[in-house]
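This is target.csv (CSV, C-alpha atoms).
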chain,number,residue,atom,x,y,z
A,13,MET,CA,58.1,48.0,7.3
A,14,PHE,CA,55.4,49.8,5.2
A,15,ASN,CA,55.5,46.9,2.7
A,16,ALA,CA,55.0,44.4,5.5
A,17,PHE,CA,52.0,46.4,6.9
A,18,GLU,CA,50.5,46.7,3.4
A,19,THR,CA,50.9,43.0,2.8
A,20,LYS,CA,49.3,42.2,6.2
A,21,PHE,CA,46.5,44.7,5.6
A,22,GLY,CA,45.8,43.2,2.1
A,23,TYR,CA,45.7,39.7,3.6
A,24,ASN,CA,43.2,40.8,6.2
A,25,LYS,CA,41.0,42.4,3.5
A,26,LEU,CA,41.1,39.2,1.5
A,27,LEU,CA,40.1,37.2,4.6
A,28,LEU,CA,37.3,39.6,5.4
A,29,LEU,CA,36.1,39.4,1.8
A,30,VAL,CA,36.0,35.5,2.0
A,31,VAL,CA,34.0,35.6,5.2
A,32,LEU,CA,31.5,38.1,3.8
A,33,LEU,CA,31.0,36.1,0.7
A,34,ASP,CA,30.5,32.9,2.7
A,35,PHE,CA,27.6,34.5,4.6
A,36,SER,CA,26.2,36.3,1.6
A,37,PRO,CA,22.6,35.5,0.4
A,38,LEU,CA,24.1,34.1,-2.9
A,39,SER,CA,26.4,31.8,-1.0
A,40,GLN,CA,23.6,30.6,1.3
A,41,ALA,CA,21.4,30.0,-1.7
A,42,LEU,CA,24.0,27.9,-3.4
A,43,LYS,CA,24.5,25.8,-0.2
A,44,SER,CA,20.7,25.3,0.0
A,45,SER,CA,20.6,24.2,-3.6
A,46,LYS,CA,23.4,21.7,-2.9
A,47,ALA,CA,21.6,20.4,0.2
A,48,LEU,CA,18.4,20.0,-1.8
A,49,SER,CA,20.2,18.2,-4.5
A,50,SER,CA,21.7,15.8,-1.9
A,51,ALA,CA,18.4,15.3,-0.3
A,52,THR,CA,16.8,14.5,-3.6
A,53,ASP,CA,19.5,11.9,-4.3
A,54,ASN,CA,18.8,10.3,-1.0
A,55,LEU,CA,15.0,10.4,-1.6
A,56,ILE,CA,15.4,8.6,-4.9
A,57,GLY,CA,17.5,6.0,-3.1
A,58,LYS,CA,14.9,5.5,-0.5
A,59,ARG,CA,12.3,4.7,-3.1
A,60,ASP,CA,13.9,1.3,-3.3
A,61,PHE,CA,11.2,-0.4,-1.2
A,62,ASP,CA,9.1,-3.5,-1.6
A,63,LEU,CA,5.8,-4.4,0.0
A,64,ILE,CA,6.3,-7.9,1.4
A,65,PHE,CA,3.0,-9.8,2.1
A,66,GLU,CA,3.0,-11.8,5.4
A,67,SER,CA,-0.6,-13.0,5.8
A,68,PHE,CA,-3.9,-12.9,4.0
A,69,ILE,CA,-7.1,-14.0,5.7
A,70,CYS,CA,-10.8,-13.6,4.7
A,71,THR,CA,-13.9,-14.8,6.5
A,72,THR,CA,-17.6,-15.1,5.8
A,73,ASN,CA,-20.5,-14.7,8.2
A,74,GLU,CA,-22.8,-16.9,6.2
A,75,ASP,CA,-21.9,-19.9,8.4
A,76,ASP,CA,-23.3,-19.8,12.0
A,77,ASP,CA,-19.9,-20.3,13.6
A,78,ASN,CA,-18.2,-17.7,11.4
A,79,VAL,CA,-15.4,-20.1,10.4
A,80,ALA,CA,-12.6,-19.0,8.1
A,81,ALA,CA,-13.5,-19.4,4.5
A,82,THR,CA,-10.4,-21.5,3.9
A,83,ALA,CA,-11.0,-23.8,6.9
A,84,LYS,CA,-10.6,-27.5,6.1
A,85,THR,CA,-13.5,-28.6,8.3
A,86,PRO,CA,-16.8,-27.6,6.8
A,87,ALA,CA,-19.4,-25.8,8.9
A,88,PRO,CA,-22.2,-27.9,10.4
A,89,PRO,CA,-25.6,-27.9,8.7
A,90,SER,CA,-27.7,-24.9,9.7
A,91,SER,CA,-30.8,-23.0,8.7
A,92,PRO,CA,-29.6,-19.5,7.8
A,93,LYS,CA,-31.9,-16.6,8.2
A,94,ARG,CA,-31.1,-15.4,4.7
A,95,ALA,CA,-30.4,-17.1,1.4
A,96,LYS,CA,-26.8,-18.0,1.0
A,97,LEU,CA,-25.0,-15.7,-1.5
A,98,LEU,CA,-21.4,-16.9,-1.6
A,99,LYS,CA,-20.7,-20.1,-3.5
A,100,LYS,CA,-16.9,-20.0,-2.8
A,101,LEU,CA,-14.5,-17.8,-0.9
A,102,ALA,CA,-10.8,-18.5,-0.6
A,103,CYS,CA,-7.9,-16.2,0.4
A,104,HIS,CA,-4.2,-17.2,0.9
A,105,LEU,CA,-0.6,-16.4,0.0
A,106,SER,CA,1.4,-18.2,-2.6
A,107,ARG,CA,4.8,-18.6,-1.1
A,108,ASN,CA,8.1,-19.3,-2.8
A,109,VAL,CA,11.7,-18.5,-2.0
A,110,LYS,CA,11.7,-15.1,-3.6
A,111,ARG,CA,8.3,-13.6,-3.2
A,112,ARG,CA,4.8,-14.0,-1.7
A,113,TYR,CA,1.7,-13.3,-3.9
A,114,LEU,CA,-1.9,-12.6,-3.0
A,115,GLN,CA,-4.4,-15.2,-4.1
A,116,MET,CA,-8.2,-14.7,-3.8
A,117,GLU,CA,-11.2,-16.5,-5.4
A,118,MET,CA,-14.9,-15.7,-5.0
A,119,SER,CA,-18.1,-16.9,-6.7
A,120,PHE,CA,-21.8,-16.3,-6.2
A,121,GLU,CA,-25.0,-18.2,-6.1
A,122,ARG,CA,-26.9,-15.5,-7.9
A,123,GLN,CA,-26.2,-12.2,-9.8
A,124,ILE,CA,-24.7,-9.3,-7.9
A,125,ASN,CA,-26.0,-5.9,-9.2
A,126,GLN,CA,-24.6,-3.7,-6.5
A,127,PHE,CA,-22.1,-3.9,-3.6
A,128,ASP,CA,-20.3,-1.6,-1.1
A,129,PHE,CA,-17.0,-2.0,0.6
A,130,ASP,CA,-15.0,-0.7,3.5
A,131,ILE,CA,-11.2,-0.4,3.4
A,132,SER,CA,-8.5,0.9,5.8
A,133,ILE,CA,-4.7,1.0,5.4
A,134,THR,CA,-2.5,1.7,8.4
A,135,MET,CA,1.2,1.8,9.0
A,136,GLN,CA,2.9,1.1,12.3
A,137,ARG,CA,4.9,4.0,13.6
A,138,PRO,CA,8.3,3.8,15.3
A,139,PRO,CA,8.1,3.0,19.1
A,140,HIS,CA,9.0,6.6,20.1
A,141,ALA,CA,6.2,8.1,18.0
A,142,PRO,CA,3.3,9.7,20.0
A,143,GLU,CA,0.7,7.7,18.0
A,144,PRO,CA,1.2,3.9,17.4
A,145,GLU,CA,-0.4,4.0,13.9
A,146,PHE,CA,-0.5,6.2,10.9
A,147,VAL,CA,-3.7,5.9,8.9
A,148,LEU,CA,-3.1,6.1,5.1
A,149,LEU,CA,-6.7,5.9,4.3
A,150,ASN,CA,-10.0,4.9,5.9
A,151,PHE,CA,-13.2,4.7,3.9
A,152,THR,CA,-16.6,3.1,4.6
A,153,ALA,CA,-19.5,2.2,2.4
A,154,LEU,CA,-17.7,3.0,-0.9
A,155,ASN,CA,-19.8,2.2,-3.9
A,156,GLY,CA,-18.1,-0.8,-5.4
A,157,CYS,CA,-19.6,-0.5,-8.9
A,158,GLU,CA,-18.4,3.1,-9.2
A,159,PHE,CA,-15.0,2.0,-8.0
A,160,LEU,CA,-14.8,-0.7,-10.7
A,161,ALA,CA,-16.0,1.9,-13.3
A,162,ASN,CA,-13.2,4.3,-12.3
A,163,ARG,CA,-15.6,6.9,-11.0
A,164,ASN,CA,-13.9,7.0,-7.6
A,165,GLN,CA,-11.7,10.1,-7.3
A,166,VAL,CA,-9.4,8.9,-4.5
A,167,VAL,CA,-5.9,8.6,-6.1
A,168,LEU,CA,-4.7,5.7,-4.0
A,169,MET,CA,-7.9,3.7,-4.6
A,170,ASN,CA,-7.6,4.3,-8.4
A,171,LEU,CA,-4.0,3.0,-8.3
A,172,VAL,CA,-5.3,-0.1,-6.5
A,173,ARG,CA,-8.0,-0.6,-9.1
A,174,LYS,CA,-5.6,-0.2,-12.0
A,175,SER,CA,-3.1,-2.6,-10.5
A,176,LEU,CA,-5.8,-5.3,-10.1
A,177,GLU,CA,-6.4,-5.3,-13.9
A,178,ARG,CA,-3.2,-7.1,-14.5
A,179,TYR,CA,-3.8,-9.9,-12.0
A,180,SER,CA,-7.5,-10.5,-12.0
A,181,ASN,CA,-10.6,-11.1,-14.0
A,182,ILE,CA,-12.7,-8.7,-11.9
A,183,PRO,CA,-14.9,-6.8,-14.4
A,184,SER,CA,-14.8,-3.0,-14.9
A,185,HIS,CA,-18.5,-2.7,-14.2
A,186,CYS,CA,-21.4,-4.5,-12.4
A,187,PRO,CA,-23.1,-6.9,-12.4
A,188,PHE,CA,-21.2,-10.0,-11.2
A,189,SER,CA,-22.4,-13.2,-12.9
A,190,PRO,CA,-23.1,-16.5,-11.0
A,191,GLN,CA,-21.6,-18.4,-13.8
A,192,ILE,CA,-18.1,-16.9,-13.3
A,193,SER,CA,-15.5,-17.6,-10.6
A,194,TYR,CA,-13.7,-14.2,-10.0
A,195,TYR,CA,-10.1,-14.3,-8.9
A,196,ILE,CA,-7.0,-12.4,-8.0
A,197,ARG,CA,-3.8,-14.4,-8.9
A,198,ASN,CA,-0.2,-13.8,-8.1
A,199,TYR,CA,-0.9,-10.2,-7.1
A,200,ARG,CA,2.0,-8.0,-6.1
A,201,TRP,CA,2.0,-4.2,-5.4
A,202,ASP,CA,4.2,-2.1,-7.7
A,203,MET,CA,6.0,0.4,-5.4
A,204,GLU,CA,6.8,2.6,-8.3
A,205,GLN,CA,3.2,3.8,-8.2
A,206,MET,CA,3.6,5.0,-4.6
A,207,PRO,CA,5.4,8.1,-3.2
A,208,ALA,CA,8.7,7.7,-1.5
A,209,PHE,CA,8.9,6.1,1.9
A,210,TYR,CA,11.5,6.9,4.6
A,211,VAL,CA,11.1,4.0,7.0
A,212,GLU,CA,10.6,0.3,7.0
A,213,ALA,CA,7.3,-0.4,8.7
A,214,PRO,CA,4.5,-3.0,9.1
A,215,VAL,CA,1.4,-2.3,7.0
A,216,ARG,CA,-2.1,-3.6,7.6
A,217,VAL,CA,-5.1,-3.6,5.3
A,218,ASP,CA,-8.6,-4.3,6.5
A,219,PHE,CA,-11.5,-4.7,4.1
A,220,ALA,CA,-15.2,-5.8,4.1
A,221,TYR,CA,-17.7,-6.4,1.3
A,222,THR,CA,-21.4,-5.7,1.7
A,223,PHE,CA,-23.8,-7.5,-0.6
A,224,GLU,CA,-27.6,-7.0,-0.4
A,225,LYS,CA,-27.2,-4.7,2.6
A,226,THR,CA,-25.4,-7.3,4.6
A,227,THR,CA,-21.6,-7.4,5.3
A,228,ARG,CA,-20.8,-10.9,4.2
A,229,VAL,CA,-17.0,-10.9,3.7
A,230,ARG,CA,-14.2,-9.5,5.9
A,231,GLY,CA,-10.5,-9.7,5.3
A,232,THR,CA,-7.1,-8.7,6.6
A,233,ILE,CA,-3.8,-8.4,4.8
A,234,GLU,CA,-0.6,-8.0,6.8
A,235,ALA,CA,2.6,-6.8,5.1
A,236,LYS,CA,5.7,-4.8,5.7
A,237,LEU,CA,7.6,-2.1,3.8
A,238,GLU,CA,11.2,-3.3,3.4
A,239,LEU,CA,14.3,-2.0,1.6
A,240,ARG,CA,15.2,-4.3,-1.2
A,241,SER,CA,18.9,-4.1,-0.1
A,242,ASN,CA,17.8,-5.5,3.3
A,243,LYS,CA,15.5,-8.2,2.2
A,244,LYS,CA,16.1,-11.7,3.5
A,245,PHE,CA,13.5,-14.2,2.6
A,246,ALA,CA,13.0,-17.2,4.9
A,247,ALA,CA,13.1,-20.6,3.4
A,248,VAL,CA,9.7,-22.1,2.7
A,249,GLN,CA,8.6,-24.3,5.6

Would you mind writing the file out in structure tokens?
Amino acid sequence: MFNAFETKFGYNKLLLLVVLLDFSPLSQALKSSKALSSATDNLIGKRDFDLIFESFICTTNEDDDNVAATAKTPAPPSSPKRAKLLKKLACHLSRNVKRRYLQMEMSFERQINQFDFDISITMQRPPHAPEPEFVLLNFTALNGCEFLANRNQVVLMNLVRKSLERYSNIPSHCPFSPQISYYIRNYRWDMEQMPAFYVEAPVRVDFAYTFEKTTRVRGTIEAKLELRSNKKFAAVQ
């Protein structure tokens, strides 16, 4: 009988020791470490996103009726109040079965020594969120020449500038020459430069260029963040 009691008492002590160890600070720290490791693994997996372009439109106000720059029907003759600055402006998407690229071309009637630009980037929140949009950035009247010369300290804007170097002939400094047609061709955004994202969401970019103290160009890019594993490209119409 004594041996049975001793065995039962020893078992209870062992059980109590296990419980105490399970709730000890060391045990909790180990659990937290494992949870953090698991979360990190999931985070790395969630970096597997692409930014899919859906539309790209730009307009100029140099025509009286403010027609789209890519419209097939030319604007009727008019007598503008200021000398025309833009020689050409075109924005569109290059579509294929696998990917859509940004295309933009712009040329000027005379030399451009200075320009400013506005830019905003917003993400659409889930339907249950209190606010419909999340503003990633919103800047107005940024000095365009300083931006090209990499004197702008906004990290995301510097990433944009660096990514443009690969796909365009936009110079790294002012002025812009009237003898050159400036372009962005087959542009895509490298998501490896961005922080991790947790959700698929629509993205909207609005921009405007101001030359000679007048906003002459406005544009909008609509896109969506999408997991590469979920991508399904529609056939080209």

Between A:Phe219, A:Phe120, A:Tyr195, A:Phe188, which is the closest to Asn150 in chain A once you count all atoms listed in the file?
-> A:Phe219

Proximity of range 163-236 of chain A to range 60-76 of chain A: per-residue shortest pair, 7 Å limit, all atoms listed in the file, as a tab-separated table:
residue	atom	partner	partner_atom	distance
A:Trp201	CA	A:Leu63	CA	6.6
A:Met203	CA	A:Asp62	CA	6.3
A:Arg228	CA	A:Thr72	CA	5.5
A:Val229	CA	A:Thr72	CA	4.7
A:Arg230	CA	A:Thr71	CA	5.3
A:Gly231	CA	A:Cys70	CA	4.0
A:Thr232	CA	A:Ile69	CA	5.4
A:Ile233	CA	A:Phe68	CA	4.6
A:Glu234	CA	A:Ser67	CA	5.1
A:Ala235	CA	A:Phe65	CA	4.3
A:Lys236	CA	A:Ile64	CA	5.3

For each of A:Thr226, A:Asn125, A:Ser132, A:Ser119, take the minimum atom-to-atom distance to Leu168 in chain A, counting only C-alpha atoms, then give the residue where this is smallest.
-> A:Ser132

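The two atoms in question, CA of Gly156 in chain A and CA of Ala213 in chain A, are spaced 29.1 Å apart.
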
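Separating CA of Arg197 in chain A from CA of Asp130 in chain A is a distance of 21.6 Å.
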
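Rounded to one decimal, CA of Gln123 in chain A and CA of Pro187 in chain A lie 6.7 Å from each other.
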
Determine, counting only C-alpha atoms, every residue of protein, DNA or RNA that lies within 8 Å of (5.9, 3.8, 12.2) in the file coordinates, then give the result as a JSON list (two decimals) with C-alpha atoms, in the coordinates of the input.
[["chain", "number", "residue", "atom", "x", "y", "z"],
["A", 135, "MET", "CA", 1.20, 1.80, 9.00],
["A", 136, "GLN", "CA", 2.90, 1.10, 12.30],
["A", 137, "ARG", "CA", 4.90, 4.00, 13.60],
["A", 138, "PRO", "CA", 8.30, 3.80, 15.30],
["A", 139, "PRO", "CA", 8.10, 3.00, 19.10],
["A", 141, "ALA", "CA", 6.20, 8.10, 18.00],
["A", 144, "PRO", "CA", 1.20, 3.90, 17.40],
["A", 145, "GLU", "CA", -0.40, 4.00, 13.90],
["A", 146, "PHE", "CA", -0.50, 6.20, 10.90],
["A", 211, "VAL", "CA", 11.10, 4.00, 7.00],
["A", 212, "GLU", "CA", 10.60, 0.30, 7.00],
["A", 213, "ALA", "CA", 7.30, -0.40, 8.70],
["A", 214, "PRO", "CA", 4.50, -3.00, 9.10]]

List every protein, DNA or RNA residue that has an atom no more than 7 Å from (-21.3, -17.2, -10.9) in the file's coordinate frame, counting only C-alpha atoms, and report them as number ranges by chain.
-> A: 119-122, 189-193

Using all atoms listed in the file, which residue out of A:Phe127, A:Tyr113, A:Tyr194, A:Phe151 lies closest to Asp218 in chain A?
-> A:Phe151

Just write range 170-185 of chain A with N, CA, C and O atoms, as a CSV table (one decimal), in the first residue's frame, taken from the block above.
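Just written: part_31.csv:
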chain,number,residue,atom,x,y,z
A,170,ASN,N,11.9,57.5,-54.5
A,170,ASN,CA,13.2,57.1,-55.0
A,170,ASN,C,13.2,55.7,-55.7
A,170,ASN,O,13.9,55.5,-56.7
A,171,LEU,N,12.4,54.8,-55.1
A,171,LEU,CA,12.3,53.5,-55.7
A,171,LEU,C,11.6,53.6,-57.1
A,171,LEU,O,12.0,53.0,-58.1
A,172,VAL,N,10.6,54.5,-57.2
A,172,VAL,CA,10.0,54.8,-58.5
A,172,VAL,C,11.0,55.3,-59.5
A,172,VAL,O,11.1,54.9,-60.7
A,173,ARG,N,11.8,56.3,-59.1
A,173,ARG,CA,12.8,56.9,-60.0
A,173,ARG,C,13.8,55.9,-60.5
A,173,ARG,O,14.1,55.8,-61.7
A,174,LYS,N,14.3,55.0,-59.6
A,174,LYS,CA,15.3,54.0,-60.0
A,174,LYS,C,14.7,53.0,-60.9
A,174,LYS,O,15.3,52.5,-61.8
A,175,SER,N,13.4,52.6,-60.7
A,175,SER,CA,12.8,51.6,-61.5
A,175,SER,C,12.6,52.2,-62.9
A,175,SER,O,12.6,51.4,-63.9
A,176,LEU,N,12.4,53.5,-63.1
A,176,LEU,CA,12.2,54.1,-64.4
A,176,LEU,C,13.4,54.1,-65.3
A,176,LEU,O,13.4,54.1,-66.5
A,177,GLU,N,14.6,54.0,-64.6
A,177,GLU,CA,15.9,54.1,-65.4
A,177,GLU,C,16.0,52.9,-66.3
A,177,GLU,O,16.6,53.0,-67.4
A,178,ARG,N,15.4,51.8,-66.0
A,178,ARG,CA,15.5,50.6,-66.8
A,178,ARG,C,14.6,50.6,-68.0
A,178,ARG,O,14.9,50.0,-69.0
A,179,TYR,N,13.5,51.4,-67.9
A,179,TYR,CA,12.5,51.3,-69.0
A,179,TYR,C,12.3,52.6,-69.7
A,179,TYR,O,11.4,52.7,-70.6
A,180,SER,N,13.1,53.6,-69.5
A,180,SER,CA,12.8,54.9,-70.1
A,180,SER,C,14.1,55.6,-70.5
A,180,SER,O,15.2,55.2,-70.1
A,181,ASN,N,14.0,56.7,-71.3
A,181,ASN,CA,15.1,57.5,-71.6
A,181,ASN,C,15.0,58.9,-70.9
A,181,ASN,O,15.6,59.9,-71.4
A,182,ILE,N,14.2,58.9,-69.9
A,182,ILE,CA,14.0,60.2,-69.1
A,182,ILE,C,15.3,60.5,-68.5
A,182,ILE,O,16.0,59.7,-67.8
A,183,PRO,N,15.8,61.7,-68.6
A,183,PRO,CA,17.1,62.1,-68.1
A,183,PRO,C,17.2,62.2,-66.6
A,183,PRO,O,16.2,62.2,-65.9
A,184,SER,N,18.4,62.2,-66.1
A,184,SER,CA,18.6,62.3,-64.7
A,184,SER,C,18.7,63.7,-64.2
A,184,SER,O,19.1,64.0,-63.0
A,185,HIS,N,18.5,64.6,-65.1
A,185,HIS,CA,18.5,66.1,-64.7
A,185,HIS,C,17.8,66.9,-65.8
A,185,HIS,O,17.5,66.4,-66.9
